[in-house]
Amino acid sequence: MATIRPRVKAPRKASPGEVVEIKTLINHSMESGQRKDKNGDPIPRQIINKFVAAFNGREFFTVDLAPAISANPYLSFYAKVEESGEFTFTWHDDDGSVYEDSKSIEVA
């Protein structure tokens with residue numbers, strides 16, 4: 001599998017009370033466990049099974065992902081920001097790996 005790298009697009013600035021769109025993408029094969037390799041052996045399941053978004057340490061968006069999700073899962077969601085701070089994004093893999101990214105936003 002290629003190097004797994006999360007990507008996040010979020011605004012750097014917003015007005016108090018503004019609703020902002022956040023877009024995330026992580027390159028991951030999302031192997032469902034249903035396919036077989038060239039020898040006919042099952043390819044083990046390995047998916048991103050959970051995504052969590054937090055603002056200033058407080059979770060506001062959580063998704064449990066299933067094997068039916070396509071490769072390179074893309075999520076788009078909204079957050080209302082009242083103060084400056086930092087968004088943190090966490091992806092959890094079946095193999096125990098955790099991938100993280102963060103973006104700061106200035107509210108003025």
# chains A, B, ... in the order shown; residues from 1 in each chain; ligands from 1
>>> residues_around(residues="Ser15 of chain A", least_positions_apart="3", cutoff="8 Å", atoms="only C-alpha atoms", output="JSON list (two decimals) with C-alpha atoms, in the first residue's frame")
[["chain", "number", "residue", "atom", "x", "y", "z"],
["A", 18, "GLU", "CA", -19.83, 31.60, 10.69],
["A", 81, "VAL", "CA", -16.98, 28.64, 14.73],
["A", 82, "GLU", "CA", -17.35, 31.16, 17.54],
["A", 107, "VAL", "CA", -12.05, 34.17, 14.07],
["A", 108, "ALA", "CA", -12.26, 37.94, 13.92]]
>>> residues_around(residues="segment 5-8 of chain A", least_positions_apart="5", cutoff="8 Å", atoms="only C-alpha atoms", output="PyMOL selection string")
chain A and resi 22-27+99-103
>>> residues_around(residues="His28 of chain A", least_positions_apart="3", cutoff="12 Å", atoms="only C-alpha atoms", output="list in words")
Met1, Ala2, Thr3, Ile4, Arg5, Pro6, Arg7, Leu25, Glu31, Ser32, Gln46, Ile47, Ile48, Asn49, Ile69, Ser70, Ala71, Asn72, Pro73, Tyr74, Trp91, His92, Asp93, Asp94 and Tyr99 of chain A
>>> residues_around(residues="Glu21 of chain A", least_positions_apart="3", cutoff="8 Å", atoms="only C-alpha atoms", output="number ranges by chain")
A: 10-11, 76-79
>>> atom_distance(atom1="atom CA of Leu75 of chain A", atom2="atom CA of Arg45 of chain A")
21.0 Å
>>> residues_around(residues="Val52 of chain A", least_positions_apart="3", cutoff="8 Å", atoms="only C-alpha atoms", output="number ranges by chain")
A: 59-63, 89-91
>>> write_last_selection(atoms="C-alpha atoms", output="compact mmCIF listing (two decimals), in the first residue's frame")
# COMPACT_ATOMS: atom_id res chain seq x y z
CA GLU A 59 -15.28 16.37 19.41
CA PHE A 60 -18.01 17.66 17.13
CA PHE A 61 -18.12 15.17 14.25
CA THR A 62 -17.55 11.39 14.35
CA VAL A 63 -18.06 8.77 11.65
CA PHE A 89 -8.73 15.33 12.55
CA THR A 90 -8.05 11.68 13.37
CA TRP A 91 -8.45 8.58 11.21
>>> atom_distance(atom1="atom CA of Lys50 of chain A", atom2="atom CA of Thr88 of chain A")
14.0 Å
>>> decode(residues="chain A", atoms="C-alpha atoms", output="PDB file, in the first residue's frame")
ATOM      1  CA  MET A   1       0.000   0.000   0.000  1.00  0.00           C
ATOM      2  CA  ALA A   2       1.238   3.515  -0.755  1.00  0.00           C
ATOM      3  CA  THR A   3       2.096   5.930   2.033  1.00  0.00           C
ATOM      4  CA  ILE A   4      -1.099   6.959   3.768  1.00  0.00           C
ATOM      5  CA  ARG A   5      -1.443  10.727   3.882  1.00  0.00           C
ATOM      6  CA  PRO A   6      -4.463  12.634   5.134  1.00  0.00           C
ATOM      7  CA  ARG A   7      -5.397  15.924   3.478  1.00  0.00           C
ATOM      8  CA  VAL A   8      -7.665  18.618   4.891  1.00  0.00           C
ATOM      9  CA  LYS A   9      -9.062  21.762   3.335  1.00  0.00           C
ATOM     10  CA  ALA A  10     -10.458  24.275   5.824  1.00  0.00           C
ATOM     11  CA  PRO A  11     -10.625  28.071   5.846  1.00  0.00           C
ATOM     12  CA  ARG A  12      -7.904  29.957   7.735  1.00  0.00           C
ATOM     13  CA  LYS A  13     -10.229  32.809   8.741  1.00  0.00           C
ATOM     14  CA  ALA A  14     -13.900  33.176   9.627  1.00  0.00           C
ATOM     15  CA  SER A  15     -16.315  35.595  11.259  1.00  0.00           C
ATOM     16  CA  PRO A  16     -17.781  34.835  14.704  1.00  0.00           C
ATOM     17  CA  GLY A  17     -20.708  32.418  14.299  1.00  0.00           C
ATOM     18  CA  GLU A  18     -19.834  31.603  10.686  1.00  0.00           C
ATOM     19  CA  VAL A  19     -20.522  28.091   9.408  1.00  0.00           C
ATOM     20  CA  VAL A  20     -17.463  26.811   7.526  1.00  0.00           C
ATOM     21  CA  GLU A  21     -17.067  23.808   5.249  1.00  0.00           C
ATOM     22  CA  ILE A  22     -14.284  21.321   5.947  1.00  0.00           C
ATOM     23  CA  LYS A  23     -13.185  18.739   3.391  1.00  0.00           C
ATOM     24  CA  THR A  24     -11.020  15.728   4.215  1.00  0.00           C
ATOM     25  CA  LEU A  25      -9.441  13.003   2.117  1.00  0.00           C
ATOM     26  CA  ILE A  26      -7.126  10.158   3.058  1.00  0.00           C
ATOM     27  CA  ASN A  27      -5.442   7.920   0.498  1.00  0.00           C
ATOM     28  CA  HIS A  28      -6.179   4.384   1.635  1.00  0.00           C
ATOM     29  CA  SER A  29      -7.075   1.235  -0.300  1.00  0.00           C
ATOM     30  CA  MET A  30      -9.983   0.373   2.061  1.00  0.00           C
ATOM     31  CA  GLU A  31      -9.559  -3.364   1.456  1.00  0.00           C
ATOM     32  CA  SER A  32     -12.913  -4.960   2.342  1.00  0.00           C
ATOM     33  CA  GLY A  33     -11.649  -8.488   3.007  1.00  0.00           C
ATOM     34  CA  GLN A  34     -13.942  -9.885   0.290  1.00  0.00           C
ATOM     35  CA  ARG A  35     -11.372 -10.096  -2.525  1.00  0.00           C
ATOM     36  CA  LYS A  36      -8.766 -12.780  -3.207  1.00  0.00           C
ATOM     37  CA  ASP A  37      -5.152 -12.425  -4.292  1.00  0.00           C
ATOM     38  CA  LYS A  38      -3.663 -14.068  -7.419  1.00  0.00           C
ATOM     39  CA  ASN A  39      -3.242 -17.345  -5.483  1.00  0.00           C
ATOM     40  CA  GLY A  40      -6.898 -17.410  -4.467  1.00  0.00           C
ATOM     41  CA  ASP A  41      -6.198 -16.535  -0.848  1.00  0.00           C
ATOM     42  CA  PRO A  42      -8.413 -13.947   0.855  1.00  0.00           C
ATOM     43  CA  ILE A  43      -6.910 -10.469   1.145  1.00  0.00           C
ATOM     44  CA  PRO A  44      -7.326  -9.438   4.797  1.00  0.00           C
ATOM     45  CA  ARG A  45      -9.661  -6.580   5.612  1.00  0.00           C
ATOM     46  CA  GLN A  46      -7.900  -3.287   6.282  1.00  0.00           C
ATOM     47  CA  ILE A  47     -10.028  -0.154   6.340  1.00  0.00           C
ATOM     48  CA  ILE A  48     -10.182   3.220   7.994  1.00  0.00           C
ATOM     49  CA  ASN A  49     -12.891   2.345  10.525  1.00  0.00           C
ATOM     50  CA  LYS A  50     -13.377   5.646  12.358  1.00  0.00           C
ATOM     51  CA  PHE A  51     -12.941   9.367  11.740  1.00  0.00           C
ATOM     52  CA  VAL A  52     -13.104  12.035  14.450  1.00  0.00           C
ATOM     53  CA  ALA A  53     -13.045  15.835  14.101  1.00  0.00           C
ATOM     54  CA  ALA A  54     -12.519  18.068  17.127  1.00  0.00           C
ATOM     55  CA  PHE A  55     -12.272  21.802  17.719  1.00  0.00           C
ATOM     56  CA  ASN A  56     -10.113  23.026  20.589  1.00  0.00           C
ATOM     57  CA  GLY A  57     -10.111  19.491  22.003  1.00  0.00           C
ATOM     58  CA  ARG A  58     -13.874  18.990  21.823  1.00  0.00           C
ATOM     59  CA  GLU A  59     -15.276  16.372  19.411  1.00  0.00           C
ATOM     60  CA  PHE A  60     -18.014  17.664  17.132  1.00  0.00           C
ATOM     61  CA  PHE A  61     -18.117  15.166  14.251  1.00  0.00           C
ATOM     62  CA  THR A  62     -17.553  11.388  14.353  1.00  0.00           C
ATOM     63  CA  VAL A  63     -18.065   8.769  11.650  1.00  0.00           C
ATOM     64  CA  ASP A  64     -17.832   4.977  11.854  1.00  0.00           C
ATOM     65  CA  LEU A  65     -16.791   3.652   8.447  1.00  0.00           C
ATOM     66  CA  ALA A  66     -17.624   0.224   6.998  1.00  0.00           C
ATOM     67  CA  PRO A  67     -16.015  -2.023   4.356  1.00  0.00           C
ATOM     68  CA  ALA A  68     -18.447  -0.767   1.705  1.00  0.00           C
ATOM     69  CA  ILE A  69     -16.773   2.685   1.712  1.00  0.00           C
ATOM     70  CA  SER A  70     -14.702   3.257  -1.432  1.00  0.00           C
ATOM     71  CA  ALA A  71     -10.936   3.652  -1.507  1.00  0.00           C
ATOM     72  CA  ASN A  72      -9.580   7.079  -0.542  1.00  0.00           C
ATOM     73  CA  PRO A  73     -12.516   8.127   1.665  1.00  0.00           C
ATOM     74  CA  TYR A  74     -13.576  11.753   1.239  1.00  0.00           C
ATOM     75  CA  LEU A  75     -15.679  13.503   3.861  1.00  0.00           C
ATOM     76  CA  SER A  76     -17.195  16.985   3.716  1.00  0.00           C
ATOM     77  CA  PHE A  77     -18.937  18.539   6.712  1.00  0.00           C
ATOM     78  CA  TYR A  78     -19.645  21.882   8.366  1.00  0.00           C
ATOM     79  CA  ALA A  79     -18.710  23.503  11.658  1.00  0.00           C
ATOM     80  CA  LYS A  80     -19.924  26.696  13.297  1.00  0.00           C
ATOM     81  CA  VAL A  81     -16.980  28.639  14.734  1.00  0.00           C
ATOM     82  CA  GLU A  82     -17.354  31.160  17.539  1.00  0.00           C
ATOM     83  CA  GLU A  83     -13.678  31.568  18.472  1.00  0.00           C
ATOM     84  CA  SER A  84     -10.189  31.131  17.082  1.00  0.00           C
ATOM     85  CA  GLY A  85      -8.674  27.722  17.595  1.00  0.00           C
ATOM     86  CA  GLU A  86      -7.488  24.478  16.119  1.00  0.00           C
ATOM     87  CA  PHE A  87      -9.360  21.720  14.345  1.00  0.00           C
ATOM     88  CA  THR A  88      -7.867  18.256  14.789  1.00  0.00           C
ATOM     89  CA  PHE A  89      -8.728  15.333  12.545  1.00  0.00           C
ATOM     90  CA  THR A  90      -8.054  11.682  13.366  1.00  0.00           C
ATOM     91  CA  TRP A  91      -8.453   8.580  11.209  1.00  0.00           C
ATOM     92  CA  HIS A  92      -8.299   5.108  12.835  1.00  0.00           C
ATOM     93  CA  ASP A  93      -7.152   2.085  10.806  1.00  0.00           C
ATOM     94  CA  ASP A  94      -8.035  -1.585  11.401  1.00  0.00           C
ATOM     95  CA  ASP A  95      -4.337  -2.351  11.973  1.00  0.00           C
ATOM     96  CA  GLY A  96      -4.240   0.070  14.920  1.00  0.00           C
ATOM     97  CA  SER A  97      -2.578   2.894  13.015  1.00  0.00           C
ATOM     98  CA  VAL A  98      -3.813   6.409  13.699  1.00  0.00           C
ATOM     99  CA  TYR A  99      -3.392   9.248  11.218  1.00  0.00           C
ATOM    100  CA  GLU A 100      -3.779  12.873  12.265  1.00  0.00           C
ATOM    101  CA  ASP A 101      -3.867  16.340  10.790  1.00  0.00           C
ATOM    102  CA  SER A 102      -4.776  19.743  12.171  1.00  0.00           C
ATOM    103  CA  LYS A 103      -5.740  23.182  10.878  1.00  0.00           C
ATOM    104  CA  SER A 104      -5.916  26.478  12.734  1.00  0.00           C
ATOM    105  CA  ILE A 105      -8.634  29.058  12.142  1.00  0.00           C
ATOM    106  CA  GLU A 106      -8.673  32.716  13.123  1.00  0.00           C
ATOM    107  CA  VAL A 107     -12.048  34.170  14.067  1.00  0.00           C
ATOM    108  CA  ALA A 108     -12.265  37.942  13.919  1.00  0.00           C
TER     109      ALA A 108
END
